[in-house]
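Peer 1: Got a structure for you, entry30.pdb, holding PDB, C-alpha atoms.
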```
MODEL        1
ATOM      1  CA  MET A   1     -43.589  86.808-139.001
ATOM      2  CA  GLY A   2     -43.557  85.505-142.559
ATOM      3  CA  ALA A   3     -40.139  83.856-142.433
ATOM      4  CA  HIS A   4     -40.734  82.335-139.006
ATOM      5  CA  ALA A   5     -44.133  80.971-140.033
ATOM      6  CA  ALA A   6     -42.457  79.474-143.108
ATOM      7  CA  VAL A   7     -39.818  77.837-140.878
ATOM      8  CA  ALA A   8     -42.534  76.391-138.630
ATOM      9  CA  ALA A   9     -44.431  75.034-141.645
ATOM     10  CA  GLU A  10     -41.255  73.528-143.085
ATOM     11  CA  LEU A  11     -40.223  71.877-139.788
ATOM     12  CA  LEU A  12     -43.742  70.632-139.012
ATOM     13  CA  GLY A  13     -44.458  69.675-142.600
ATOM     14  CA  ASP A  14     -47.896  71.173-142.004
ATOM     15  CA  GLN A  15     -48.751  74.574-143.450
ATOM     16  CA  ALA A  16     -52.439  74.125-142.522
ATOM     17  CA  THR A  17     -51.672  73.962-138.779
ATOM     18  CA  VAL A  18     -49.427  77.031-138.980
ATOM     19  CA  ASP A  19     -52.159  78.908-140.847
ATOM     20  CA  ALA A  20     -54.765  77.785-138.286
ATOM     21  CA  VAL A  21     -52.612  78.998-135.373
ATOM     22  CA  LEU A  22     -52.004  82.334-137.076
ATOM     23  CA  ASP A  23     -55.731  82.662-137.743
ATOM     24  CA  ASP A  24     -56.740  81.809-134.139
ATOM     25  CA  TYR A  25     -54.626  79.659-131.822
ATOM     26  CA  ARG A  26     -57.691  79.147-129.588
ATOM     27  CA  THR A  27     -59.476  77.097-132.264
ATOM     28  CA  ALA A  28     -56.442  75.542-133.979
ATOM     29  CA  SER A  29     -55.887  71.807-133.661
ATOM     30  CA  ILE A  30     -52.887  72.016-131.299
ATOM     31  CA  SER A  31     -52.075  70.606-127.869
ATOM     32  CA  GLU A  32     -53.299  72.304-124.707
ATOM     33  CA  LYS A  33     -49.633  72.818-123.813
ATOM     34  CA  ASP A  34     -49.046  74.772-127.021
ATOM     35  CA  ARG A  35     -52.334  76.643-126.567
ATOM     36  CA  ALA A  36     -51.154  77.795-123.108
ATOM     37  CA  LEU A  37     -47.914  79.139-124.563
ATOM     38  CA  PHE A  38     -49.748  80.947-127.361
ATOM     39  CA  ALA A  39     -52.093  82.472-124.762
ATOM     40  CA  LEU A  40     -49.076  83.938-122.947
ATOM     41  CA  VAL A  41     -47.590  85.180-126.220
ATOM     42  CA  ASP A  42     -50.942  86.724-127.166
ATOM     43  CA  ARG A  43     -51.159  88.518-123.810
ATOM     44  CA  ILE A  44     -47.611  89.854-124.215
ATOM     45  CA  ASN A  45     -48.360  91.098-127.719
ATOM     46  CA  GLN A  46     -51.800  92.560-126.988
ATOM     47  CA  ALA A  47     -51.407  93.950-123.475
ATOM     48  CA  PRO A  48     -47.863  93.582-122.102
ATOM     49  CA  GLU A  49     -48.693  95.814-119.150
ATOM     50  CA  ARG A  50     -51.315  93.256-118.071
ATOM     51  CA  VAL A  51     -49.072  90.168-118.046
ATOM     52  CA  SER A  52     -49.400  88.676-114.590
ATOM     53  CA  ARG A  53     -47.835  85.980-112.487
ATOM     54  CA  GLU A  54     -50.954  83.892-113.220
ATOM     55  CA  ASP A  55     -50.310  84.127-116.981
ATOM     56  CA  VAL A  56     -46.863  82.613-116.438
ATOM     57  CA  GLU A  57     -48.194  80.052-113.940
ATOM     58  CA  ARG A  58     -50.683  78.807-116.560
ATOM     59  CA  GLY A  59     -47.732  78.096-118.810
ATOM     60  CA  ARG A  60     -45.938  76.219-116.045
ATOM     61  CA  ARG A  61     -49.032  74.157-115.227
ATOM     62  CA  ALA A  62     -49.311  73.254-118.908
ATOM     63  CA  GLY A  63     -45.790  71.813-118.777
ATOM     64  CA  TRP A  64     -43.531  74.629-119.980
ATOM     65  CA  SER A  65     -40.233  75.107-118.165
ATOM     66  CA  ASP A  66     -39.207  78.449-116.715
ATOM     67  CA  GLU A  67     -36.490  78.617-119.382
ATOM     68  CA  ALA A  68     -39.005  78.089-122.198
ATOM     69  CA  LEU A  69     -41.341  80.734-120.755
ATOM     70  CA  TYR A  70     -38.453  83.163-120.308
ATOM     71  CA  ASP A  71     -37.408  82.555-123.919
ATOM     72  CA  ALA A  72     -40.970  83.152-125.175
ATOM     73  CA  ILE A  73     -41.234  86.407-123.205
ATOM     74  CA  THR A  74     -37.816  87.537-124.453
ATOM     75  CA  VAL A  75     -38.603  86.766-128.101
ATOM     76  CA  CYS A  76     -41.901  88.685-127.857
ATOM     77  CA  ALA A  77     -40.181  91.693-126.295
ATOM     78  CA  LEU A  78     -37.396  91.715-128.880
ATOM     79  CA  PHE A  79     -39.794  91.446-131.787
ATOM     80  CA  ARG A  80     -41.927  94.303-130.434
ATOM     81  CA  PHE A  81     -38.723  96.356-130.569
ATOM     82  CA  TYR A  82     -37.729  95.089-134.032
ATOM     83  CA  ASN A  83     -41.188  95.725-135.467
ATOM     84  CA  THR A  84     -41.240  99.254-134.063
ATOM     85  CA  TRP A  85     -37.816  99.891-135.600
ATOM     86  CA  ILE A  86     -38.878  98.424-138.960
ATOM     87  CA  ASP A  87     -42.086 100.467-139.037
ATOM     88  CA  ALA A  88     -40.349 103.698-138.023
ATOM     89  CA  THR A  89     -37.481 103.366-140.512
ATOM     90  CA  GLY A  90     -39.625 102.336-143.457
ATOM     91  CA  VAL A  91     -37.968  98.984-144.090
ATOM     92  CA  GLN A  92     -39.957  97.290-146.856
ATOM     93  CA  ASP A  93     -41.579  93.879-146.517
ATOM     94  CA  MET A  94     -40.289  90.939-148.568
ATOM     95  CA  PRO A  95     -42.385  89.237-151.238
ATOM     96  CA  ALA A  96     -44.195  86.067-150.060
ATOM     97  CA  ALA A  97     -41.928  83.863-152.198
ATOM     98  CA  MET A  98     -38.893  85.145-150.285
ATOM     99  CA  TYR A  99     -40.482  84.147-146.969
ATOM    100  CA  HIS A 100     -40.984  80.644-148.332
ATOM    101  CA  HIS A 101     -37.350  80.481-149.526
ATOM    102  CA  THR A 102     -36.066  81.901-146.224
ATOM    103  CA  GLY A 103     -38.185  79.407-144.271
ATOM    104  CA  LYS A 104     -36.681  76.478-146.175
ATOM    105  CA  ARG A 105     -33.136  77.808-145.649
ATOM    106  CA  LEU A 106     -33.619  78.457-141.930
ATOM    107  CA  ALA A 107     -35.286  75.081-141.385
ATOM    108  CA  ALA A 108     -32.337  73.355-143.060
ATOM    109  CA  ASP A 109     -29.454  75.475-141.760
ATOM    110  CA  GLY A 110     -30.754  77.091-138.572
ATOM    111  CA  TYR A 111     -30.744  80.699-137.470
ATOM    112  CA  ALA A 112     -27.047  80.861-136.558
ATOM    113  CA  PRO A 113     -24.189  80.380-139.050
ATOM    114  CA  ALA A 114     -22.249  77.151-138.735
ATOM    115  CA  ASP A 115     -18.802  77.362-137.143
ATOM    116  CA  GLY A 116     -15.855  77.037-139.438
TER
ENDMDL
END
```
Can you give me the file's structure in the form of structure tokens?
Peer 2:
Amino acid sequence: MGAHAAVAAELLGDQATVDAVLDDYRTASISEKDRALFALVDRINQAPERVSREDVERGRRAGWSDEALYDAITVCALFRFYNTWIDATGVQDMPAAMYHHTGKRLAADGYAPADG
């Protein structure tokens, strides 16, 4: 989460909003559209077995496309897997300064290497 939060802060130019969302998206100063997406993500992370058609419909009504909702669901599922793997294999966390550095690099260069 650290590197991705650092990327968000770098791209938004607003660490305070990122911190507020991480603290509690329900009270953060974000759009209702974003709040709806975070509600779906929260449901997936807290109780994936309880995700319902209505949870997805709320995202659609807020203005998210099916593709965006599918991507959000996929990212949550993949990171649940990655985090389980990391925890089970004992991979160590990075220092906070490395997250900041990684966030700057990813914001500037993206997540995929450039062709060529």
Peer 1: Find the residues around Ala62 of chain A up to 7 Å (all atoms listed in the file counted), leave out those fewer than 2 positions away in its own chain, and share them as number ranges by chain.
Peer 2: A: 33, 36, 58-60, 64
Peer 1: Mind dumping a table of every segment 48-103 of chain A residue within 12 Å of segment 7-11 of chain A, with the nearest atom pair and its distance in Å to one decimal, using all atoms listed in the file, sorted by chain and rising number, as a Markdown table?
Peer 2:
```
| residue | atom | partner | partner_atom | distance |
| --- | --- | --- | --- | --- |
| A:Met98 | CA | A:Val7 | CA | 11.9 |
| A:Tyr99 | CA | A:Val7 | CA | 8.8 |
| A:His100 | CA | A:Val7 | CA | 8.0 |
| A:His101 | CA | A:Val7 | CA | 9.4 |
| A:Thr102 | CA | A:Val7 | CA | 7.7 |
| A:Gly103 | CA | A:Val7 | CA | 4.1 |
```
Peer 1: Emit the selected residues as a PDB file, in the coordinates of the input, including C-alpha atoms.
Peer 2:
```pdb
ATOM      1  CA  MET A  98     -38.893  85.145-150.285  1.00  0.00           C
ATOM      2  CA  TYR A  99     -40.482  84.147-146.969  1.00  0.00           C
ATOM      3  CA  HIS A 100     -40.984  80.644-148.332  1.00  0.00           C
ATOM      4  CA  HIS A 101     -37.350  80.481-149.526  1.00  0.00           C
ATOM      5  CA  THR A 102     -36.066  81.901-146.224  1.00  0.00           C
ATOM      6  CA  GLY A 103     -38.185  79.407-144.271  1.00  0.00           C
TER       7      GLY A 103
END
```
Peer 1: Please identify all polymer residues within 10 Å of segment 68-77 of chain A, counting all atoms listed in the file, omitting same-chain residues fewer than 2 positions from it, and present them as a ChimeraX atom specification.
Peer 2: /A:37-38,40-42,44-45,48,56-57,59-60,63-66,79-82
Peer 1: Ranking A:Arg61, A:Ala5, A:Asp55, A:Leu12 by minimum distance to Glu32 of chain A and counting only C-alpha atoms, which one comes first?
Peer 2: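 Among the listed residues, the smallest separation from Glu32 of chain A belongs to A:Arg61.
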Peer 1: Could you please determine the separation between atom CA of Leu106 of chain A and atom CA of Ala20 of chain A in Å, to one decimal place?
Peer 2: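 We find that atom CA of Leu106 of chain A and atom CA of Ala20 of chain A lie 21.5 Å from each other.
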Peer 1: In Å to one decimal, how far is atom CA of Thr84 of chain A from atom CA of Ala6 of chain A?
Peer 2: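 If I compute the distance from atom CA of Ala6 of chain A to atom CA of Thr84 of chain A, I get 21.8 Å.
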Peer 1: So how many Å separate atom CA of Arg26 of chain A and atom CA of Gln46 of chain A, to one decimal?
Peer 2: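 About the pair atom CA of Arg26 of chain A and atom CA of Gln46 of chain A: they are 14.9 Å apart.
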